Every structure is written in structure tokens, then in C-alpha cells.
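Participant: Pasting a structure below so you can have a look.
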Amino acid sequence: MAQLTTKEQASKIASLEMKAQSRNLMADAWYRLMRNKASMVGLVIIAIFAVVAIFAKQIAPFSPIEIHGGKGFLPPVFIEEGPNGLNPDPQFLLGTDTLGRDVLSRVIYGARVSMVVGFFPTAIILVVGILMGLTAGYVGGRVDNFLMRITDVVYAFPDLLFFIIIMISLRDTAVGKMLNGLFLLFGALSLVNWVAVARIVRGQVLSIKEKEYIEAARCLGASDLHIMFRYILPNCLGPVIIQTAFTIPAMIITEAILGYLGLGLRPSTNPKDIFITSWGSLLLDGQSAINAQRWVLLAPAICVALVVLAFTFLGDGLRDALDPRLQGTE
Amino acid sequence: MERDVLLRVEGLKKYFPVVQGKLLGRQIQQLRAVDDVSFEVYKGETLGLVGESGCGKSTTGRSILQLYRPTGGKVFYDGTDLMKAPKSDLRRLRQKMQMIFQDPYASLNPRMTVSETVGDPIRIHKLLPRQKIEDRVKELLEMVGLNPAFANRYPHEFSGGQRQRIGIARALALQPDLIICDEPISALDVSIQAQVVNLLEDLQEKLGLTYLFIAHDLSMVRHISTRVAVMYLGVIVELADRTDLYENPLHPYTRALLSAVPIPDPKVEKKRERIILTGDVPSPIQPPSGCRFRTRCPLAADVCAAERPAFREVASGHSVACHFAA
């Protein structure tokens, strides 16, 4: 075999190196997340609920507002005889409520509200929180001080009290009636929760903007906006993604609480509405029927618990995947 | 022979405020990182800037590029006063002055691929249409000795020396005339240092670059520089041609500094006389009166405390700030 010259050797090594898989940080994190079983189970549960929410109309056996006369309080099929002495009807898998409406169908439709409440306000929270945090951290000085004092004020206010006040006082206005009250709910949730994201982003920006690569960008003649969005923002996304994964279940729980207090979505009787009922209002119905048909309460409660748990597992996994140094910490 | 001056620094000052109190922030003192520094850099040369840590070398480099707004003085690049230039002009002028950073692990954006990092300056200044950027990036990578096939990789996949080459490619993307090298090799392995220095020299020859080379490694500076300036506690104490400075140091600080360089020859090394300085570098918050070096200087006399020595030319091209230098 002929002797290889150094140059040939070098190019051979280089071509070997090229075959080695190249992964960016996000792909790396995704790979770590895939290996986390709890997170993957969470992700599957979330996906199932999302599909159910989207195709509620096709999946639900009955219309959620269809009243089956004389068939109220039927127990679910897996119970032989309910506390009220009635026998189950195989049509109604989870039985019926006070008015004889199918519990399963109502729970399926309720998933819509929870999913939307999980994602939509979170999107607003992300946009507002990131913009506020980025501006405060990057500009600094008085702007920072001003924005962070606003954040402190919002942060210090008791959330639930704020929601209750907003929902009660604005419920009967035009804004309060939009989307059966969902619009107001989104607004209230977003208004309070952007502060956590803003604080996280600001903290990240403060540390990242001192990095040498920011100075390098400035030296290249990059504008402030370019530095903020091309250099700083991508580098502070990790903790923001983690925060998002924990914000979504918090939103779902808050909606359930408000629904239970009768302050969430107004239950609709119009079959054309997309959002007919929510898990929160189902809980409210269920607790009054607890002695006659406990699955009116149990079904939505289990769903809330499952979804929240799924998101929390996913969030845990994301945290470990995006920042392996944090593994096992709170 | 009159040489073209590319960069002229006149009485450059950079003071950092020392602030006390979190909420209201009262400025109580000033840290004089750079205090009245003047020098010129000629076209095509390499001016070495040496001194121990914390003497203001990097601050000088950054103040020249206006990465820090200087407290006072003037910086002329090719006749334009950078401190008075409006923001838009400054952005344009940045194309001509670039910087290579000390830490190759911190100076690259971890979320950008090599080709994004190197192509970013071209995009910022809209120098080339989008389709052509990729080719230009490949050309730049080849120029600094990197395989263009690595263009789509992320910085964490490279070694320190390779990362430093990426940093050099980024600086070259704008086709600058002046590059300020801020200790470009001090974070690298010794074996890699030589490679990077040779690369810098090759590029200088090929592209006609001018370097302001900031370092604390005296033998490396001797190797690469045309002229050398020695800094101590925010001021330049001596500036001379390379051979002149190393053969005939006039300032006592330069002498002490040079005596600390080991010589790779055991016989000569044995005879080497070391001048050991006593004490620490004084705080730049309260620098000594008069000559800054007087607290550690073997020659110190009363005049040193009373008067700040002028930075004067004692021989052709050899300036020194000492009362006793002749």
C-alpha cells in the first residue's frame, strides 16, 4: 500500500469526521427527551386529549346537550347498580347527569376548553413576557426599573382573587360575553401570568448580554434588534420552554377552579357553539349530583388530573433535556 | 520614510464608575482602566500591546472600537474621529475595523451554525445577495484553514483552535483593514498557538492587514510584532520598535518584564538576571500620584511622586515615560 501523504491523511480524516452525525442543541435536547419515558407518556396523553378535543364532534357518541328524558342519573356501564338503585344503559358509557345528558360526550366536549385554555393564553403570555423581559434586560437602567416594578405589582397581587374580581365585574359586558366568556377568561389569565416569563427572560438576558459573542455582534455592526432577536433570544429559550410546560397545566387548573366557582365558561345550549361546556363547570354539576351519580364529578376530575400530570411530566423531562445540569433539582 | 497612519489614538481615557447602593446607585469612585493613552498604528504593521492582567490592554482595544464609550480623548481611524462619528457612520466604519476575541468558547453564538456566524456580518451590512453568501462563507472558511464541509455545524462541535479560526473568518468576512486581536491565543494550547499565529501572519501578508495585537506572552509578541507598546496600570510606559525594545529596554518596568521571560537555552538561562518587583499592582481606583510605577520602581525618587513623567521620544521611534530614561 502506498504511503499516504500528510495532506491525504488529513483529508481522509476530515471525510471520516463528516460522516459523524452533527446535531444542534435543540436536536440534542429532543433526543434526550425521547429517552425520558415519563415525558413520552405525558406527550402521548396530551396528544390523545388534543385529538379528542379537535374531533369531539366525531368522537362523542351523543350531542353534549341532548337531553334523554327519564334517563337521568344513570350509572356508568361498569357499575351494576347505582346508589340510587338505577341500572346502567349500555348506550351511556359513563352514565348520564341530572337532565339525562351523556356524561362521556360532555367530558369530551369539555376537553376543548381545557386544551384551548392551556394553549391560547400561554401563547399571549409568551409573546408579552418575552418582549417585556427582553426589553427590560437589554435596555436596562430606568426602562428596566420601570418594567420590573410593574411586574412586581402584578406578581404581588393574588391571582385567583384577581380572576374572580375580573370575571364578576366584566361578565355581563360585551367583552365578557364574547366566545361564551372565554375571551374574558383568556384576557384575565394572560394579564396575570406574563410576569413569570418576563422575569425569567430578563434574568437570562442579563447574563447573556455580558457574553463575549454579544460584544462580537456589536463589533460587527449589528443593530440592537438584530442582537436581541438573533443572539440573545435563541439563547434564553431553554428556561422559557420549561416555564411554558408548567404554565399550561396551571392555566388548565385555574380554568377548572373558575368553572367550579361558576365563573368560567357559560355553559351553552346552542349545538352550533364550539365550546359548550368545560371540565370546570362539569365539576360544579358533578358535586351537586355526587350522591346520585358520582361519575358526573369523577370523569372530569380524572381528566383534569391526567392532563395536568401529563404536562408536568413533560415539563420535567424538558427541563432535564434542555439543561442537563439541573437534573434532579427543583 | 513617512509611513501612513491608519489609527491614531490621542489621550484615550476610559473610567468605569464604581457604584454603591442598589436602588439609587451613587457613584462613589472611578476606576481608571485607561488613563491618557496615545499611540499610532501604521498601515500594514503589527503593533503589540503588552502588560500584565488588569493593566487596561483589552479596555484600550475595546475603547478604540467604541465597544466601550471612552471617557475622553480622540480615536482617529484613517482621519475620521470615531468618537464624534454618528451612529450610522460608525456602523459603516465597523466594516474596516474588526476584532478577534480572547475566549473562543465565549465569542461564538452557540445557537448559530458556523455558516450563520461567519455569514452574519455580510447579512448585517447587506454586502452580498443571499445566494452568494454561502459561497463567500466557504471561501472564508478555506482561507482560515477549515473544511468548508463543516459549515453547518455548531460551535460546540469544534476544538478551541478551530473555534478561534471561525472567529477569524467572521472578522475577515467584512474585509477589514485593521484587526484588533485581543489575546487571540492565550486561551489556546501551546501547540495550537503557533498555528493560529502563523495563520494570522499569512493572512496579514495575503490581505495587507494591520494588527493591534494585545497579549501578555512576551515571546509571542516579539515574534509577531513590528513595534511593541508596554502598558502598566492604564498608561503606556514604553513604545519602540520590536528589536529596539527587546534589546534596549529603557523603562524599569519593561526591564523587569523582559527579565521574566525564560530563555530556551540552559547556559544563557543560568546567567539570566531576574529583576523581581516587590509588592502588587496598585488599585486603578486610587492610582499613585505622579509616575504610576513609582511604588514598585527600583529607581523611584521624589520627583516621581510629584510629577507624572511625560511620554517622550528619547531616540528615533523609541518613546518612554520615565524621568530617568535617557
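By order in the C-alpha cells, chains are A, B, ...; within a chain, residues start at 1; ligands start at 1, following the order shown.
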Using only C-alpha atoms, select each residue of chain B with any atom at most 8 Å away from an atom of chain A, and give the selection as a list of chain:residue names.

Facilitator: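 Putting it all together, I get B:Leu65, B:Leu67, B:Arg91, B:Arg92, B:Arg94, B:Gln95, B:Gln98, B:Met99, B:Phe101, B:Asp103, B:Ala106, B:Ser107, B:Leu108, B:Asn109, B:Pro110, B:Arg111, B:Pro121, B:Ile124, B:His125, B:Asn147, B:Ala149, B:Phe150, B:Arg153, B:Tyr154, B:Ala171.
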
Participant: Excluding same-chain residues fewer than 3 positions from Asp182 (chain B), what lies within 9 Å of it counting only C-alpha atoms, as a PyMOL selection string?

Facilitator: chain B and resi 57-58+61-62+99-102+185+212-215

Participant: Tell me which of B:Val320, B:Leu93, B:Met83, B:Ile168 sits closest to Ile64 (chain B), counting only C-alpha atoms.

Facilitator: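 Once distances to Ile64 (chain B) are computed over only C-alpha atoms, the minimum belongs to B:Met83.
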
Participant: Excluding same-chain residues fewer than 6 positions from Gln29 (chain B), what lies within 9 Å of it counting only C-alpha atoms, as a PDB file with N, CA and C atoms, in the first residue's frame?

Facilitator:
```pdb
ATOM      1  N   PHE B  16     -14.302  53.654  34.567  1.00  0.00           N
ATOM      2  CA  PHE B  16     -15.546  52.955  34.882  1.00  0.00           C
ATOM      3  C   PHE B  16     -16.057  53.475  36.217  1.00  0.00           C
ATOM      4  N   PRO B  17     -17.351  53.736  36.307  1.00  0.00           N
ATOM      5  CA  PRO B  17     -17.879  54.204  37.592  1.00  0.00           C
ATOM      6  C   PRO B  17     -17.933  53.059  38.602  1.00  0.00           C
ATOM      7  N   VAL B  18     -17.601  53.380  39.826  1.00  0.00           N
ATOM      8  CA  VAL B  18     -17.752  52.400  40.900  1.00  0.00           C
ATOM      9  C   VAL B  18     -18.982  52.833  41.677  1.00  0.00           C
ATOM     10  N   VAL B  19     -20.024  52.010  41.621  1.00  0.00           N
ATOM     11  CA  VAL B  19     -21.316  52.443  42.121  1.00  0.00           C
ATOM     12  C   VAL B  19     -21.640  51.749  43.433  1.00  0.00           C
ATOM     13  N   ILE B 285      -8.313  52.244  41.090  1.00  0.00           N
ATOM     14  CA  ILE B 285      -9.296  53.185  41.635  1.00  0.00           C
ATOM     15  C   ILE B 285      -8.558  54.363  42.270  1.00  0.00           C
ATOM     16  N   GLN B 286      -7.444  54.064  42.952  1.00  0.00           N
ATOM     17  CA  GLN B 286      -6.639  55.150  43.513  1.00  0.00           C
ATOM     18  C   GLN B 286      -5.193  54.962  43.084  1.00  0.00           C
TER      19      GLN B 286
END
```

Participant: Report, in Å to a single decimal, how far apart CA of Ile252 (chain A) and CA of Ala198 (chain A) are.

Facilitator: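 Distance reported for this atom pair: 20.6 Å.
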
Participant: From a backbone DSSP assignment, name each residue in region 11-209 of chain A labelled helix (DSSP H, G or I), as a ChimeraX atom specification.

Facilitator: /A:11-19,25-34,37-54,56-59,103-139,141-156,159-170,174-208

Participant: Write out as a PyMOL selection string the residues lying within 10 Å of Leu47 (chain B), counting only C-alpha atoms and excluding same-chain residues fewer than 3 positions away.

Facilitator: chain B and resi 39-42+44+50+180+210-214+221+224-229+239-242

Participant: Take the residues from that selection and write them out as a JSON list (two decimals), in the first residue's frame, keeping C-alpha atoms.

Facilitator:
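Saved the output as part-v1.json:
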```
[["chain", "number", "residue", "atom", "x", "y", "z"],
["B", 39, "PHE", "CA", -0.17, 55.93, 20.08],
["B", 40, "GLU", "CA", -0.32, 55.41, 16.35],
["B", 41, "VAL", "CA", -0.69, 52.30, 14.29],
["B", 42, "TYR", "CA", 0.81, 52.37, 10.82],
["B", 44, "GLY", "CA", 0.38, 47.13, 7.40],
["B", 50, "VAL", "CA", 1.68, 44.00, 26.30],
["B", 180, "ILE", "CA", -7.65, 44.19, 16.95],
["B", 210, "THR", "CA", -2.92, 45.83, 10.11],
["B", 211, "TYR", "CA", -2.97, 44.30, 13.57],
["B", 212, "LEU", "CA", -3.16, 45.69, 17.04],
["B", 213, "PHE", "CA", -2.02, 42.59, 18.87],
["B", 214, "ILE", "CA", -2.89, 42.54, 22.55],
["B", 221, "VAL", "CA", 4.64, 39.39, 20.82],
["B", 224, "ILE", "CA", 4.67, 38.74, 15.54],
["B", 225, "SER", "CA", 5.07, 42.48, 16.18],
["B", 226, "THR", "CA", 6.68, 45.26, 14.22],
["B", 227, "ARG", "CA", 6.55, 47.61, 17.19],
["B", 228, "VAL", "CA", 5.67, 46.96, 20.80],
["B", 229, "ALA", "CA", 3.94, 49.12, 23.41],
["B", 239, "LEU", "CA", 6.82, 52.17, 22.90],
["B", 240, "ALA", "CA", 9.53, 51.16, 20.46],
["B", 241, "ASP", "CA", 10.46, 49.01, 17.50],
["B", 242, "ARG", "CA", 10.47, 45.39, 18.40]]
```

Participant: Need to verify the contact set: Glu142 (chain B), 12 Å, only C-alpha atoms, exclusion of same-chain residues closer than 3 positions in sequence. Can you return it as a list in words?

Facilitator: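 In the requested form, the answer reads Asp135, Arg136, Val137, Lys138, Glu139, Gly145, Leu146, Asn147, Pro148, Ala149, Phe150, Ala151, Arg165, Ile166, Ile168, Ala169, Leu172, Leu199 and Leu203 of chain B.
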
Participant: Distance CA of Ala321 (chain B)-CA of His216 (chain B), one decimal place?

Facilitator: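 Computing it gives 19.9 Å between the two atoms.
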
Participant: I'd like the interatomic distance between CA of Val113 (chain A) and CA of Leu33 (chain A), to a tenth of an Å.

Facilitator: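 Interatomic distance here is 27.6 Å.
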
Participant: Env of Glu52 (chain B): 12 Å cut, atoms = only C-alpha atoms, seq-sep filter 2 positions within chain, self excluded. Answer as a VMD selection string.

Facilitator: chain B and resid 49 to 50 54 to 58 183 214 to 218 230 to 234 253 to 254 256 to 258 260 280 to 281

Participant: So which residues touch Ile263 (chain B) within 12 Å, counting only C-alpha atoms, skipping near sequence neighbours fewer than 3 positions away, as a PyMOL selection string?

Facilitator: chain B and resi 218-219+258-260+266-274

Participant: Would you export the selected residues with N, CA and C atoms as an mmCIF file, in the first residue's frame, please?

Facilitator:
```cif
data_model
loop_
_atom_site.group_PDB
_atom_site.id
_atom_site.type_symbol
_atom_site.label_atom_id
_atom_site.label_comp_id
_atom_site.auth_asym_id
_atom_site.auth_seq_id
_atom_site.Cartn_x
_atom_site.Cartn_y
_atom_site.Cartn_z
ATOM 1 N N LEU B 218 5.261 37.570 26.121
ATOM 2 C CA LEU B 218 6.259 38.456 25.524
ATOM 3 C C LEU B 218 6.987 37.834 24.337
ATOM 4 N N SER B 219 7.246 36.535 24.397
ATOM 5 C CA SER B 219 7.977 35.945 23.274
ATOM 6 C C SER B 219 7.101 35.881 22.023
ATOM 7 N N LEU B 258 10.809 42.024 30.875
ATOM 8 C CA LEU B 258 11.608 41.230 29.949
ATOM 9 C C LEU B 258 12.502 40.247 30.687
ATOM 10 N N SER B 259 12.936 40.640 31.883
ATOM 11 C CA SER B 259 13.827 39.745 32.626
ATOM 12 C C SER B 259 13.092 38.497 33.092
ATOM 13 N N ALA B 260 11.755 38.540 33.015
ATOM 14 C CA ALA B 260 10.981 37.382 33.459
ATOM 15 C C ALA B 260 10.782 36.357 32.357
ATOM 16 N N PRO B 266 19.815 26.466 28.363
ATOM 17 C CA PRO B 266 20.163 26.353 29.786
ATOM 18 C C PRO B 266 21.376 27.190 30.191
ATOM 19 N N LYS B 267 22.346 27.333 29.281
ATOM 20 C CA LYS B 267 23.538 28.098 29.653
ATOM 21 C C LYS B 267 23.218 29.570 29.840
ATOM 22 N N VAL B 268 22.516 30.107 28.845
ATOM 23 C CA VAL B 268 22.145 31.523 28.925
ATOM 24 C C VAL B 268 21.157 31.732 30.071
ATOM 25 N N GLU B 269 20.236 30.757 30.185
ATOM 26 C CA GLU B 269 19.190 30.866 31.200
ATOM 27 C C GLU B 269 19.786 30.972 32.604
ATOM 28 N N LYS B 270 20.875 30.256 32.830
ATOM 29 C CA LYS B 270 21.525 30.266 34.137
ATOM 30 C C LYS B 270 22.043 31.654 34.483
ATOM 31 N N LYS B 271 22.520 32.320 33.438
ATOM 32 C CA LYS B 271 23.113 33.642 33.678
ATOM 33 C C LYS B 271 22.074 34.758 33.718
ATOM 34 N N ARG B 272 20.842 34.398 33.325
ATOM 35 C CA ARG B 272 19.802 35.426 33.228
ATOM 36 C C ARG B 272 19.569 36.079 34.591
ATOM 37 N N GLU B 273 19.589 37.386 34.556
ATOM 38 C CA GLU B 273 19.401 38.098 35.809
ATOM 39 C C GLU B 273 17.948 38.523 35.923
ATOM 40 N N ARG B 274 17.286 38.103 36.978
ATOM 41 C CA ARG B 274 15.879 38.450 37.096
ATOM 42 C C ARG B 274 15.718 39.668 37.977
#
```

Participant: Please determine, counting only C-alpha atoms, which residue among A:Asp224, A:Asp320, A:Asp285, A:Asp152 has the shortest atom-to-atom distance to Val139 (chain A).

Facilitator: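 Smallest distance to Val139 (chain A) is found for A:Asp224.
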